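Okay, structure-v7.pdb is below, PDB, C-alpha atoms:
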ATOM      1  CA  MET C  36     -48.044  10.369  30.353
ATOM      2  CA  GLY C  37     -45.166  12.678  31.236
ATOM      3  CA  LYS C  38     -43.648  12.898  34.644
ATOM      4  CA  THR C  39     -45.628  15.102  37.059
ATOM      5  CA  MET C  40     -43.634  17.899  38.696
ATOM      6  CA  GLU C  41     -43.358  17.594  42.442
ATOM      7  CA  ILE C  42     -45.517  20.102  44.345
ATOM      8  CA  LYS C  43     -43.463  21.842  47.012
ATOM      9  CA  GLU C  44     -42.199  25.226  48.151
ATOM     10  CA  TRP C  45     -39.607  25.691  45.427
ATOM     11  CA  SER C  46     -36.866  28.260  45.944
ATOM     12  CA  TYR C  47     -35.937  30.248  42.874
ATOM     13  CA  GLU C  48     -32.552  28.525  42.729
ATOM     14  CA  GLU C  49     -34.074  25.037  42.963
ATOM     15  CA  PHE C  50     -36.813  25.484  40.396
ATOM     16  CA  PRO C  51     -35.779  23.861  37.075
ATOM     17  CA  ASP C  52     -35.368  26.112  34.070
ATOM     18  CA  PHE C  53     -37.326  25.331  30.909
ATOM     19  CA  THR C  54     -34.629  24.510  28.370
ATOM     20  CA  GLU C  55     -36.593  22.772  25.636
ATOM     21  CA  ASN C  56     -35.967  24.101  22.151
ATOM     22  CA  VAL C  57     -39.221  25.529  20.759
ATOM     23  CA  PRO C  58     -38.993  26.160  16.999
ATOM     24  CA  GLY C  59     -40.009  29.737  16.153
ATOM     25  CA  ALA C  60     -39.831  30.995  19.760
ATOM     26  CA  GLU C  61     -37.563  33.889  20.668
ATOM     27  CA  ARG C  62     -35.485  33.497  23.827
ATOM     28  CA  ARG C  63     -34.233  36.594  25.661
ATOM     29  CA  LYS C  64     -31.756  36.601  28.513
ATOM     30  CA  THR C  65     -32.572  38.282  31.818
ATOM     31  CA  THR C  66     -30.247  39.270  34.636
ATOM     32  CA  GLY C  67     -32.609  39.593  37.604
ATOM     33  CA  ASP C  68     -31.535  43.226  38.001
ATOM     34  CA  GLU C  69     -34.315  44.619  35.822
ATOM     35  CA  ILE C  70     -36.232  47.244  37.823
ATOM     36  CA  GLY C  71     -39.992  47.049  38.210
ATOM     37  CA  VAL C  72     -42.242  49.525  40.044
ATOM     38  CA  GLN C  73     -45.136  48.827  42.381
ATOM     39  CA  LEU C  74     -47.598  51.369  43.781
ATOM     40  CA  ARG C  75     -48.646  51.514  47.424
ATOM     41  CA  ARG C  76     -51.774  53.627  47.369
ATOM     42  CA  ASP C  77     -53.003  56.008  50.076
ATOM     43  CA  VAL C  78     -50.424  55.237  52.761
ATOM     44  CA  ALA C  79     -51.376  57.308  55.825
ATOM     45  CA  TYR C  80     -48.378  59.247  57.122
ATOM     46  CA  ALA C  81     -49.928  61.758  59.530
ATOM     47  CA  CYS C  82     -53.169  63.004  61.057
ATOM     48  CA  VAL C  83     -53.039  66.704  61.919
ATOM     49  CA  ASN C  84     -55.957  68.463  63.592
ATOM     50  CA  GLY C  85     -58.268  65.688  62.448
ATOM     51  CA  VAL C  86     -57.037  65.753  58.838
ATOM     52  CA  SER C  87     -55.623  62.430  57.629
ATOM     53  CA  LEU C  88     -52.830  62.774  55.087
ATOM     54  CA  VAL C  89     -51.550  60.120  52.694
ATOM     55  CA  LEU C  90     -48.678  59.213  50.409
ATOM     56  CA  GLN C  91     -48.687  57.466  47.052
ATOM     57  CA  ILE C  92     -45.486  55.417  47.216
ATOM     58  CA  LEU C  93     -43.891  53.993  44.082
ATOM     59  CA  GLU C  94     -41.315  51.349  45.008
ATOM     60  CA  PRO C  95     -38.645  49.866  42.763
ATOM     61  CA  PHE C  96     -38.051  46.121  42.984
ATOM     62  CA  THR C  97     -35.870  43.518  41.306
ATOM     63  CA  ARG C  98     -35.799  39.741  41.285
ATOM     64  CA  ASN C  99     -32.269  39.593  42.656
ATOM     65  CA  ASN C 100     -32.837  42.096  45.451
ATOM     66  CA  PRO C 101     -36.515  42.007  46.521
ATOM     67  CA  ASP C 102     -35.722  43.467  49.958
ATOM     68  CA  GLY C 103     -33.288  46.150  48.828
ATOM     69  CA  ALA C 104     -33.274  49.738  50.106
ATOM     70  CA  TYR C 105     -33.267  52.599  47.611
ATOM     71  CA  PRO C 106     -32.775  56.367  47.680
ATOM     72  CA  CYS C 107     -36.072  58.217  48.020
ATOM     73  CA  MET C 108     -37.557  61.304  46.387
ATOM     74  CA  VAL C 109     -40.403  62.870  48.399
ATOM     75  CA  PHE C 110     -42.459  64.698  45.757
ATOM     76  CA  VAL C 111     -44.964  67.487  46.520
ATOM     77  CA  GLN C 112     -47.552  67.832  43.758
ATOM     78  CA  GLY C 113     -48.486  71.422  42.943
ATOM     79  CA  SER C 114     -52.050  72.724  43.086
ATOM     80  CA  ALA C 115     -51.806  76.504  43.598
ATOM     81  CA  TRP C 116     -51.872  75.434  47.281
ATOM     82  CA  MET C 117     -55.456  74.241  46.792
ATOM     83  CA  GLU C 118     -56.648  70.633  46.988
ATOM     84  CA  GLN C 119     -54.296  68.336  45.085
ATOM     85  CA  ASP C 120     -54.868  65.472  42.704
ATOM     86  CA  VAL C 121     -52.171  63.235  44.208
ATOM     87  CA  TYR C 122     -52.821  60.438  41.716
ATOM     88  CA  ARG C 123     -52.168  62.570  38.653
ATOM     89  CA  PRO C 124     -48.343  62.647  38.855
ATOM     90  CA  CYS C 125     -47.863  58.970  39.707
ATOM     91  CA  ALA C 126     -47.306  57.754  36.162
ATOM     92  CA  MET C 127     -44.765  60.516  35.494
ATOM     93  CA  VAL C 128     -42.782  60.296  38.740
ATOM     94  CA  GLY C 129     -42.877  56.525  38.319
ATOM     95  CA  ARG C 130     -40.222  57.045  35.668
ATOM     96  CA  LEU C 131     -37.813  58.003  38.446
ATOM     97  CA  ALA C 132     -38.889  54.942  40.421
ATOM     98  CA  SER C 133     -37.931  52.824  37.411
ATOM     99  CA  LEU C 134     -34.440  54.335  37.675
ATOM    100  CA  GLY C 135     -34.061  53.055  41.233
ATOM    101  CA  PHE C 136     -35.636  55.712  43.486
ATOM    102  CA  VAL C 137     -38.559  55.195  45.825
ATOM    103  CA  THR C 138     -40.871  58.070  44.911
ATOM    104  CA  ALA C 139     -43.498  59.234  47.394
ATOM    105  CA  VAL C 140     -46.163  61.742  46.318
ATOM    106  CA  VAL C 141     -47.188  63.918  49.281
ATOM    107  CA  GLN C 142     -50.683  65.099  50.077
ATOM    108  CA  TYR C 143     -50.601  68.368  52.015
ATOM    109  CA  ARG C 144     -53.329  70.316  53.787
ATOM    110  CA  HIS C 145     -54.595  72.740  51.187
ATOM    111  CA  SER C 146     -55.094  76.461  51.746
ATOM    112  CA  GLY C 147     -58.846  76.024  52.127
ATOM    113  CA  ILE C 148     -58.354  74.237  55.453
ATOM    114  CA  ALA C 149     -54.912  75.353  56.675
ATOM    115  CA  PRO C 150     -52.821  78.417  55.809
ATOM    116  CA  PHE C 151     -49.051  78.706  55.449
ATOM    117  CA  PRO C 152     -46.884  77.076  56.822
ATOM    118  CA  ALA C 153     -49.096  73.963  57.142
ATOM    119  CA  GLN C 154     -47.937  72.668  53.751
ATOM    120  CA  ILE C 155     -44.297  72.810  54.834
ATOM    121  CA  GLN C 156     -45.064  71.061  58.109
ATOM    122  CA  ASP C 157     -46.814  68.297  56.168
ATOM    123  CA  ALA C 158     -43.863  67.791  53.821
ATOM    124  CA  LEU C 159     -41.505  67.579  56.795
ATOM    125  CA  ASN C 160     -43.781  65.019  58.468
ATOM    126  CA  ALA C 161     -43.782  62.965  55.261
ATOM    127  CA  ILE C 162     -39.970  62.957  55.239
ATOM    128  CA  ARG C 163     -39.876  61.918  58.888
ATOM    129  CA  PHE C 164     -42.450  59.172  58.312
ATOM    130  CA  LEU C 165     -40.369  57.668  55.517
ATOM    131  CA  ARG C 166     -37.244  57.901  57.646
ATOM    132  CA  CYS C 167     -39.058  56.069  60.468
ATOM    133  CA  HIS C 168     -40.614  53.418  58.243
ATOM    134  CA  GLY C 169     -37.943  53.161  55.597
ATOM    135  CA  LYS C 170     -37.496  49.409  55.849
ATOM    136  CA  LYS C 171     -41.176  48.719  55.157
ATOM    137  CA  TYR C 172     -41.135  50.860  52.019
ATOM    138  CA  HIS C 173     -37.596  49.961  50.863
ATOM    139  CA  VAL C 174     -36.255  53.452  51.617
ATOM    140  CA  ASN C 175     -32.668  54.112  52.592
ATOM    141  CA  PRO C 176     -33.308  56.589  55.445
ATOM    142  CA  GLU C 177     -29.984  58.338  54.863
ATOM    143  CA  GLN C 178     -30.676  59.035  51.179
ATOM    144  CA  ILE C 179     -33.835  61.142  51.052
ATOM    145  CA  PHE C 180     -34.448  64.073  48.680
ATOM    146  CA  VAL C 181     -37.396  66.464  48.504
ATOM    147  CA  ALA C 182     -38.911  67.707  45.254
ATOM    148  CA  GLY C 183     -42.009  69.493  44.072
ATOM    149  CA  CYS C 184     -43.633  71.301  41.171
ATOM    150  CA  SER C 185     -45.278  74.741  41.084
ATOM    151  CA  SER C 186     -46.727  75.396  44.574
ATOM    152  CA  GLY C 187     -45.196  72.044  45.508
ATOM    153  CA  GLY C 188     -41.822  73.462  44.483
ATOM    154  CA  HIS C 189     -42.408  76.304  46.956
ATOM    155  CA  THR C 190     -43.185  73.734  49.675
ATOM    156  CA  ALA C 191     -40.224  71.522  48.773
ATOM    157  CA  MET C 192     -37.787  74.436  48.811
ATOM    158  CA  PHE C 193     -38.921  75.541  52.273
ATOM    159  CA  ALA C 194     -38.864  71.984  53.628
ATOM    160  CA  GLY C 195     -35.413  71.299  52.224
ATOM    161  CA  MET C 196     -33.957  74.619  53.359
ATOM    162  CA  THR C 197     -35.245  74.655  56.937
ATOM    163  CA  GLN C 198     -35.297  70.903  57.763
ATOM    164  CA  ASP C 199     -34.672  70.604  61.514
ATOM    165  CA  GLU C 200     -34.310  74.306  62.338
ATOM    166  CA  GLY C 201     -37.514  74.370  64.343
ATOM    167  CA  ALA C 202     -39.177  77.054  62.241
ATOM    168  CA  TRP C 203     -42.193  74.845  61.553
ATOM    169  CA  GLU C 204     -42.219  72.548  64.592
ATOM    170  CA  LYS C 205     -45.739  73.386  65.771
ATOM    171  CA  GLU C 206     -47.219  70.227  64.216
ATOM    172  CA  ASN C 207     -44.281  67.827  64.211
ATOM    173  CA  CYS C 208     -45.775  64.328  64.337
ATOM    174  CA  TYR C 209     -42.398  62.627  64.813
ATOM    175  CA  PRO C 210     -40.424  64.412  67.556
ATOM    176  CA  GLY C 211     -36.778  63.480  67.570
ATOM    177  CA  ILE C 212     -36.792  62.255  63.960
ATOM    178  CA  SER C 213     -34.781  64.340  61.529
ATOM    179  CA  ALA C 214     -36.283  65.826  58.362
ATOM    180  CA  ARG C 215     -32.904  66.432  56.756
ATOM    181  CA  VAL C 216     -32.545  65.756  53.033
ATOM    182  CA  LYS C 217     -29.612  65.295  50.675
ATOM    183  CA  GLY C 218     -30.920  67.690  48.061
ATOM    184  CA  ILE C 219     -33.872  69.619  46.606
ATOM    185  CA  ILE C 220     -35.382  69.383  43.123
ATOM    186  CA  ASN C 221     -37.565  72.372  42.276
ATOM    187  CA  TYR C 222     -39.749  72.046  39.181
ATOM    188  CA  TYR C 223     -40.975  75.527  38.146
ATOM    189  CA  GLY C 224     -41.673  76.462  41.760
ATOM    190  CA  ALA C 225     -43.758  79.469  42.779
ATOM    191  CA  VAL C 226     -41.018  80.599  45.144
ATOM    192  CA  ASP C 227     -41.541  84.377  45.291
ATOM    193  CA  LEU C 228     -44.917  85.639  46.505
ATOM    194  CA  ALA C 229     -43.635  89.215  46.651
ATOM    195  CA  ASP C 230     -42.928  89.363  42.898
ATOM    196  CA  GLU C 231     -45.576  91.609  41.371
ATOM    197  CA  GLU C 232     -44.810  90.290  37.867
ATOM    198  CA  GLY C 233     -44.175  86.683  38.839
ATOM    199  CA  TYR C 234     -47.499  85.204  37.716
ATOM    200  CA  PRO C 235     -48.224  86.322  34.133
ATOM    201  CA  SER C 236     -51.684  84.711  33.853
ATOM    202  CA  THR C 237     -53.014  85.368  37.387
ATOM    203  CA  VAL C 238     -55.182  88.460  37.063
ATOM    204  CA  ASN C 239     -55.831  88.746  40.818
ATOM    205  CA  HIS C 240     -52.213  88.177  41.822
ATOM    206  CA  GLN C 241     -51.520  89.034  45.499
ATOM    207  CA  MET C 242     -55.171  89.852  46.164
ATOM    208  CA  ALA C 243     -56.993  88.170  49.056
ATOM    209  CA  ASP C 244     -58.749  85.693  46.739
ATOM    210  CA  SER C 245     -55.607  84.821  44.738
ATOM    211  CA  PRO C 246     -53.865  81.479  45.318
ATOM    212  CA  GLU C 247     -51.101  83.156  47.313
ATOM    213  CA  GLY C 248     -53.579  85.382  49.196
ATOM    214  CA  ARG C 249     -55.570  82.302  50.221
ATOM    215  CA  LEU C 250     -52.355  80.555  51.253
ATOM    216  CA  MET C 251     -51.716  83.355  53.730
ATOM    217  CA  GLY C 252     -55.225  83.144  55.203
ATOM    218  CA  GLY C 253     -57.217  85.249  52.739
ATOM    219  CA  VAL C 254     -54.943  88.281  53.006
ATOM    220  CA  ASN C 255     -54.359  91.040  50.468
ATOM    221  CA  LEU C 256     -50.597  90.747  50.077
ATOM    222  CA  ARG C 257     -50.314  94.082  48.295
ATOM    223  CA  GLU C 258     -51.381  95.670  51.573
ATOM    224  CA  ASN C 259     -49.288  93.251  53.644
ATOM    225  CA  PRO C 260     -45.957  92.948  51.830
ATOM    226  CA  GLU C 261     -44.241  91.630  54.960
ATOM    227  CA  LEU C 262     -46.384  88.476  54.742
ATOM    228  CA  ALA C 263     -45.508  88.044  51.070
ATOM    229  CA  ARG C 264     -41.822  88.261  51.976
ATOM    230  CA  LYS C 265     -42.246  85.829  54.888
ATOM    231  CA  ALA C 266     -43.650  83.191  52.539
ATOM    232  CA  SER C 267     -41.075  83.802  49.782
ATOM    233  CA  VAL C 268     -38.225  81.306  49.540
ATOM    234  CA  THR C 269     -35.709  83.931  48.481
ATOM    235  CA  SER C 270     -36.226  85.848  51.743
ATOM    236  CA  TRP C 271     -34.833  82.876  53.670
ATOM    237  CA  ILE C 272     -31.662  82.407  51.646
ATOM    238  CA  VAL C 273     -28.700  83.910  53.506
ATOM    239  CA  PRO C 274     -25.006  82.978  53.498
ATOM    240  CA  GLU C 275     -25.100  81.591  57.051
ATOM    241  CA  ARG C 276     -27.882  79.055  56.296
ATOM    242  CA  LYS C 277     -26.556  75.758  54.986
ATOM    243  CA  ILE C 278     -28.875  74.622  52.201
ATOM    244  CA  PRO C 279     -28.651  71.194  50.529
ATOM    245  CA  PRO C 280     -27.754  71.170  46.814
ATOM    246  CA  VAL C 281     -30.607  72.476  44.667
ATOM    247  CA  LEU C 282     -31.600  71.535  41.117
ATOM    248  CA  ILE C 283     -34.046  73.988  39.497
ATOM    249  CA  ILE C 284     -35.949  73.158  36.292
ATOM    250  CA  HIS C 285     -38.122  75.731  34.511
ATOM    251  CA  GLY C 286     -39.570  76.325  31.047
ATOM    252  CA  THR C 287     -38.684  79.443  29.060
ATOM    253  CA  LYS C 288     -42.305  80.072  27.951
ATOM    254  CA  GLU C 289     -43.922  79.755  31.398
ATOM    255  CA  ARG C 290     -47.291  81.499  31.519
ATOM    256  CA  THR C 291     -48.246  80.572  35.102
ATOM    257  CA  VAL C 292     -45.057  81.023  37.157
ATOM    258  CA  SER C 293     -42.512  83.305  35.527
ATOM    259  CA  VAL C 294     -39.186  81.641  34.748
ATOM    260  CA  LYS C 295     -37.552  84.785  36.156
ATOM    261  CA  GLN C 296     -38.456  83.516  39.638
ATOM    262  CA  SER C 297     -36.224  80.480  39.131
ATOM    263  CA  VAL C 298     -33.452  82.595  37.620
ATOM    264  CA  ARG C 299     -33.466  84.914  40.651
ATOM    265  CA  LEU C 300     -33.576  81.916  42.996
ATOM    266  CA  TYR C 301     -30.582  80.357  41.255
ATOM    267  CA  ARG C 302     -28.599  83.592  41.311
ATOM    268  CA  LYS C 303     -29.311  84.216  45.000
ATOM    269  CA  LEU C 304     -28.323  80.662  45.946
ATOM    270  CA  LYS C 305     -25.044  81.047  44.056
ATOM    271  CA  ALA C 306     -24.419  84.528  45.504
ATOM    272  CA  CYS C 307     -24.832  83.088  49.009
ATOM    273  CA  GLY C 308     -22.330  80.319  48.348
ATOM    274  CA  GLN C 309     -24.887  77.520  47.960
ATOM    275  CA  GLU C 310     -24.642  74.663  45.485
ATOM    276  CA  ALA C 311     -27.263  75.099  42.767
ATOM    277  CA  GLU C 312     -27.945  74.037  39.187
ATOM    278  CA  LEU C 313     -30.474  75.531  36.770
ATOM    279  CA  ILE C 314     -31.961  73.778  33.728
ATOM    280  CA  LEU C 315     -33.979  75.937  31.319
ATOM    281  CA  LEU C 316     -36.304  73.959  29.049
ATOM    282  CA  GLU C 317     -36.671  75.869  25.816
ATOM    283  CA  GLY C 318     -40.301  76.378  24.837
ATOM    284  CA  ALA C 319     -41.733  74.531  27.849
ATOM    285  CA  ASP C 320     -44.817  75.935  29.589
ATOM    286  CA  HIS C 321     -46.187  75.170  33.067
ATOM    287  CA  GLY C 322     -45.832  71.436  33.599
ATOM    288  CA  GLY C 323     -46.153  69.104  30.657
ATOM    289  CA  ALA C 324     -44.392  66.080  29.255
ATOM    290  CA  GLU C 325     -41.166  68.001  28.647
ATOM    291  CA  TYR C 326     -40.348  67.704  32.355
ATOM    292  CA  TRP C 327     -40.623  63.906  32.370
ATOM    293  CA  THR C 328     -38.724  62.783  29.301
ATOM    294  CA  GLU C 329     -36.373  59.838  29.689
ATOM    295  CA  ASP C 330     -33.420  62.194  29.185
ATOM    296  CA  LEU C 331     -34.470  64.695  31.847
ATOM    297  CA  CYS C 332     -35.433  61.983  34.340
ATOM    298  CA  ARG C 333     -31.954  60.534  33.941
ATOM    299  CA  ARG C 334     -30.507  64.004  34.501
ATOM    300  CA  VAL C 335     -32.504  64.343  37.751
ATOM    301  CA  ALA C 336     -31.435  60.826  38.788
ATOM    302  CA  ASP C 337     -27.796  61.753  38.128
ATOM    303  CA  PHE C 338     -28.189  64.830  40.358
ATOM    304  CA  MET C 339     -29.510  62.676  43.192
ATOM    305  CA  ARG C 340     -26.851  60.001  42.760
ATOM    306  CA  LYS C 341     -24.183  62.694  42.829
ATOM    307  CA  HIS C 342     -25.352  63.805  46.271
ATOM    308  CA  LEU C 343     -26.175  60.487  47.924
ATOM    309  CA  GLY C 344     -23.257  60.914  50.329
TER     310      GLY C 344
END

When written as structure tokens, how does the structure in this file appear?
Amino acid sequence: MGKTMEIKEWSYEEFPDFTENVPGAERRKTTGDEIGVQLRRDVAYACVNGVSLVLQILEPFTRNNPDGAYPCMVFVQGSAWMEQDVYRPCAMVGRLASLGFVTAVVQYRHSGIAPFPAQIQDALNAIRFLRCHGKKYHVNPEQIFVAGCSSGGHTAMFAGMTQDEGAWEKENCYPGISARVKGIINYYGAVDLADEEGYPSTVNHQMADSPEGRLMGGVNLRENPELARKASVTSWIVPERKIPPVLIIHGTKERTVSVKQSVRLYRKLKACGQEAELILLEGADHGGAEYWTEDLCRRVADFMRKHLG
């Protein structure tokens, strides 16, 4: 009978490696720096007016650095400001987690229960929560970015632009904690509610029962253009406002949110002296796999690494 291995609390360094030659077996070297991703599901980050809100947090980990802190991308899933499916994007945004970024998918209060600017307040609370609890979720609190797609891009742009200005402080769950971010990633965001031609497939655009009309409390925005301007990102971009670097990504065959919205956003940011980049995906429609290819995820990761500070 062979020798029985001692039962004890082995450390990794102490545990003996298996070195026996096994004919026909393939041996592959590892470094311990390979990145894995684990999901923390339904992490409560705030309760506002009786509504509990959660995050889906995808955390990188490695064998060599199990307690490491990583940059974080707070991601707001789009939904036409209606109720989100916060599980849907996890597999896609997990590709950024595998590149070394904690990625937290934000649930916001949808327009059916809370009008604008509730969604922005929720995104800011999510950022503050992760800054407060960074150690538990392996987040570097000084390296947080905000991102979003479609209506989530609208929310992310507002959250990243206004941060700690006090514009949306009515429901701040973490007084004294900053919501500042290092940068903004806007995936085909619905950033201009005043654009009469900005939503090619929305037949009731700007009407009270349209997504944007519901966002503003069931208001006909054609009759209330000042409200449409108030909730449009471009209205808030002025030279004196310091905005973090912005990366905008939009498809050239967008049928839901016109790519011209992103072009105007990019041009206004540049005209006001802000740092902005625009990526146009040829042939891409609203959402889709084109936005989450290995190549584009690496491009987004490079943008964040560039602005870690």

Any idea what the distance is between atom CA of Gly253 of chain C and atom CA of His240 of chain C?
12.4 Å

Atomic separation - atom CA of Lys288 of chain C relative to atom CA of Arg123 of chain C, Å:
22.8 Å

Fewer than 2 positions away in the same chain doesn't count, so skip those; otherwise give me all residues within 6 Å of segment 181-190 of chain C, counting only C-alpha atoms, as a list of chain:residue names.
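So the residues in contact are C:Met108, C:Val109, C:Phe110, C:Val111, C:Gln112, C:Gly113, C:Ala115, C:Trp116, C:Ile155, C:Met192, C:Phe193, C:Ile219, C:Ile220, C:Asn221, C:Tyr222, C:Tyr223, C:Gly224, C:Ala225, C:Val226.
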
With all atoms listed in the file as the counted atoms, please give the residues lying no more than 8 Å from Cys107 of chain C, apart from itself and same-chain residues fewer than 3 positions off, as a count of residues only.
9

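Here the question is which of C:Leu256, C:Leu165, C:Leu228, C:Leu250 gets nearest to Ala214 of chain C using all atoms listed in the file, and that residue is C:Leu165.
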
May I have a table of the residues of segment 173-286 of chain C lying at most 9 Å from segment 292-304 of chain C, giving each one's closest pair of atoms and their distance in Å to one decimal, counting all atoms listed in the file, ordered by chain and ascending residue number, as a tab-separated table?
residue	atom	partner	partner_atom	distance
C:Ser185	CA	C:Val292	CA	7.4
C:Asn221	CA	C:Ser297	CA	8.8
C:Tyr223	CA	C:Val292	CA	6.9
C:Gly224	CA	C:Ser297	CA	7.3
C:Ala225	CA	C:Val292	CA	6.0
C:Val226	CA	C:Gln296	CA	6.7
C:Asp227	CA	C:Gln296	CA	6.5
C:Asp230	CA	C:Gln296	CA	8.1
C:Glu232	CA	C:Ser293	CA	7.7
C:Gly233	CA	C:Ser293	CA	5.0
C:Tyr234	CA	C:Val292	CA	4.9
C:Pro235	CA	C:Ser293	CA	6.6
C:Ser236	CA	C:Val292	CA	8.3
C:Val268	CA	C:Leu300	CA	8.1
C:Thr269	CA	C:Leu300	CA	6.2
C:Ile272	CA	C:Leu304	CA	6.8
C:Val273	CA	C:Leu304	CA	8.2
C:Pro274	CA	C:Leu304	CA	8.6
C:Ile278	CA	C:Leu304	CA	8.7
C:Val281	CA	C:Tyr301	CA	8.6
C:Leu282	CA	C:Tyr301	CA	8.9
C:Ile283	CA	C:Ser297	CA	6.9
C:Ile284	CA	C:Ser297	CA	7.9
C:His285	CA	C:Val294	CA	6.0
C:Gly286	CA	C:Val294	CA	6.5

Output C-alpha atoms for every residue in that selection, as a PDB file, keeping the file's coordinate frame.
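out29.pdb, freshly written:
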ATOM      1  CA  SER C 185     -45.278  74.741  41.084  1.00  0.00           C
ATOM      2  CA  ASN C 221     -37.565  72.372  42.276  1.00  0.00           C
ATOM      3  CA  TYR C 223     -40.975  75.527  38.146  1.00  0.00           C
ATOM      4  CA  GLY C 224     -41.673  76.462  41.760  1.00  0.00           C
ATOM      5  CA  ALA C 225     -43.758  79.469  42.779  1.00  0.00           C
ATOM      6  CA  VAL C 226     -41.018  80.599  45.144  1.00  0.00           C
ATOM      7  CA  ASP C 227     -41.541  84.377  45.291  1.00  0.00           C
ATOM      8  CA  ASP C 230     -42.928  89.363  42.898  1.00  0.00           C
ATOM      9  CA  GLU C 232     -44.810  90.290  37.867  1.00  0.00           C
ATOM     10  CA  GLY C 233     -44.175  86.683  38.839  1.00  0.00           C
ATOM     11  CA  TYR C 234     -47.499  85.204  37.716  1.00  0.00           C
ATOM     12  CA  PRO C 235     -48.224  86.322  34.133  1.00  0.00           C
ATOM     13  CA  SER C 236     -51.684  84.711  33.853  1.00  0.00           C
ATOM     14  CA  VAL C 268     -38.225  81.306  49.540  1.00  0.00           C
ATOM     15  CA  THR C 269     -35.709  83.931  48.481  1.00  0.00           C
ATOM     16  CA  ILE C 272     -31.662  82.407  51.646  1.00  0.00           C
ATOM     17  CA  VAL C 273     -28.700  83.910  53.506  1.00  0.00           C
ATOM     18  CA  PRO C 274     -25.006  82.978  53.498  1.00  0.00           C
ATOM     19  CA  ILE C 278     -28.875  74.622  52.201  1.00  0.00           C
ATOM     20  CA  VAL C 281     -30.607  72.476  44.667  1.00  0.00           C
ATOM     21  CA  LEU C 282     -31.600  71.535  41.117  1.00  0.00           C
ATOM     22  CA  ILE C 283     -34.046  73.988  39.497  1.00  0.00           C
ATOM     23  CA  ILE C 284     -35.949  73.158  36.292  1.00  0.00           C
ATOM     24  CA  HIS C 285     -38.122  75.731  34.511  1.00  0.00           C
ATOM     25  CA  GLY C 286     -39.570  76.325  31.047  1.00  0.00           C
TER      26      GLY C 286
END

Neighbouring residues of Thr66 of chain C were defined as those with any atom within 12 Å, considering all atoms listed in the file; residues of the same chain fewer than 5 positions away were excluded. Please report them as an MDAnalysis selection string.
chainID C and resid 97:100

Expressed in Å, the length from atom CA of Ile212 of chain C to atom CA of Gly195 of chain C is 14.9 Å

Per-residue nearest contacts of segment 117-162 of chain C to segment 72-88 of chain C (7 Å; all atoms listed in the file) as a Markdown table:
| residue | atom | partner | partner_atom | distance |
| --- | --- | --- | --- | --- |
| C:Ala132 | CA | C:Val72 | CA | 6.4 |
| C:Ser133 | CA | C:Val72 | CA | 6.0 |
| C:Gln142 | CA | C:Leu88 | CA | 5.9 |
| C:Tyr143 | CA | C:Leu88 | CA | 6.8 |
| C:Ala161 | CA | C:Tyr80 | CA | 6.2 |

For the selection just defined, write its residues with C-alpha atoms to a file, as an mmCIF file, keeping the file's coordinate frame.
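Wrote selection-v7.cif, looks like this:
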data_model
loop_
_atom_site.group_PDB
_atom_site.id
_atom_site.type_symbol
_atom_site.label_atom_id
_atom_site.label_comp_id
_atom_site.auth_asym_id
_atom_site.auth_seq_id
_atom_site.Cartn_x
_atom_site.Cartn_y
_atom_site.Cartn_z
ATOM 1 C CA ALA C 132 -38.889 54.942 40.421
ATOM 2 C CA SER C 133 -37.931 52.824 37.411
ATOM 3 C CA GLN C 142 -50.683 65.099 50.077
ATOM 4 C CA TYR C 143 -50.601 68.368 52.015
ATOM 5 C CA ALA C 161 -43.782 62.965 55.261
#

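Among the candidates C:Val141, C:Gln156, C:Ala104, C:Glu69, the one nearest to His168 of chain C when counting all atoms listed in the file is C:Ala104.
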
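Nearest to Gly252 of chain C of all the residues C:Ala149, C:Cys307, C:Val216, C:Ala126 is C:Ala149, based on all atoms listed in the file.
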
Size and centre in Å, one decimal, axis-aligned box, all listed segment 73-88 of chain C atoms plus 6 Å per side, as lines of an AutoDock Vina configuration file:
center_x = -51.7
center_y = 58.6
center_z = 53.0
size_x = 25.1
size_y = 31.6
size_z = 33.2

Take the PyMOL selection byres ((chain C and resi 338) around 10), run it mentally on this structure, and tell me the resulting residues as a PyMOL selection string.
chain C and resi 218-220+280-282+312+332-337+339-343

Spatial neighbours of Gly318 of chain C, 12 Å, all atoms listed in the file, chain gap at least 3 places, as a short mmCIF file (atom, residue, chain, number, x, y, z; two decimals) with C-alpha atoms, in the coordinates of the input:
data_model
loop_
_atom_site.label_atom_id
_atom_site.label_comp_id
_atom_site.auth_asym_id
_atom_site.auth_seq_id
_atom_site.Cartn_x
_atom_site.Cartn_y
_atom_site.Cartn_z
CA HIS C 285 -38.12 75.73 34.51
CA GLY C 286 -39.57 76.32 31.05
CA THR C 287 -38.68 79.44 29.06
CA LYS C 288 -42.30 80.07 27.95
CA GLU C 289 -43.92 79.76 31.40
CA ARG C 290 -47.29 81.50 31.52
CA VAL C 294 -39.19 81.64 34.75
CA LEU C 315 -33.98 75.94 31.32
CA HIS C 321 -46.19 75.17 33.07
CA GLY C 322 -45.83 71.44 33.60
CA GLY C 323 -46.15 69.10 30.66
CA ALA C 324 -44.39 66.08 29.26
CA GLU C 325 -41.17 68.00 28.65
CA TYR C 326 -40.35 67.70 32.35
#

Report as number ranges by chain all protein, DNA and RNA residues lying within 10 Å of Lys205 of chain C, evaluated on all atoms listed in the file, omitting residues in the same chain fewer than 3 positions from it.
C: 152-153, 156, 201-202, 208

How about saving the chosen residues, C-alpha atoms kept, as a tab-separated table (two decimals), in the frame of the given file?
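part-v4.tsv, written as the output of this step:
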chain	number	residue	atom	x	y	z
C	152	PRO	CA	-46.88	77.08	56.82
C	153	ALA	CA	-49.10	73.96	57.14
C	156	GLN	CA	-45.06	71.06	58.11
C	201	GLY	CA	-37.51	74.37	64.34
C	202	ALA	CA	-39.18	77.05	62.24
C	208	CYS	CA	-45.78	64.33	64.34
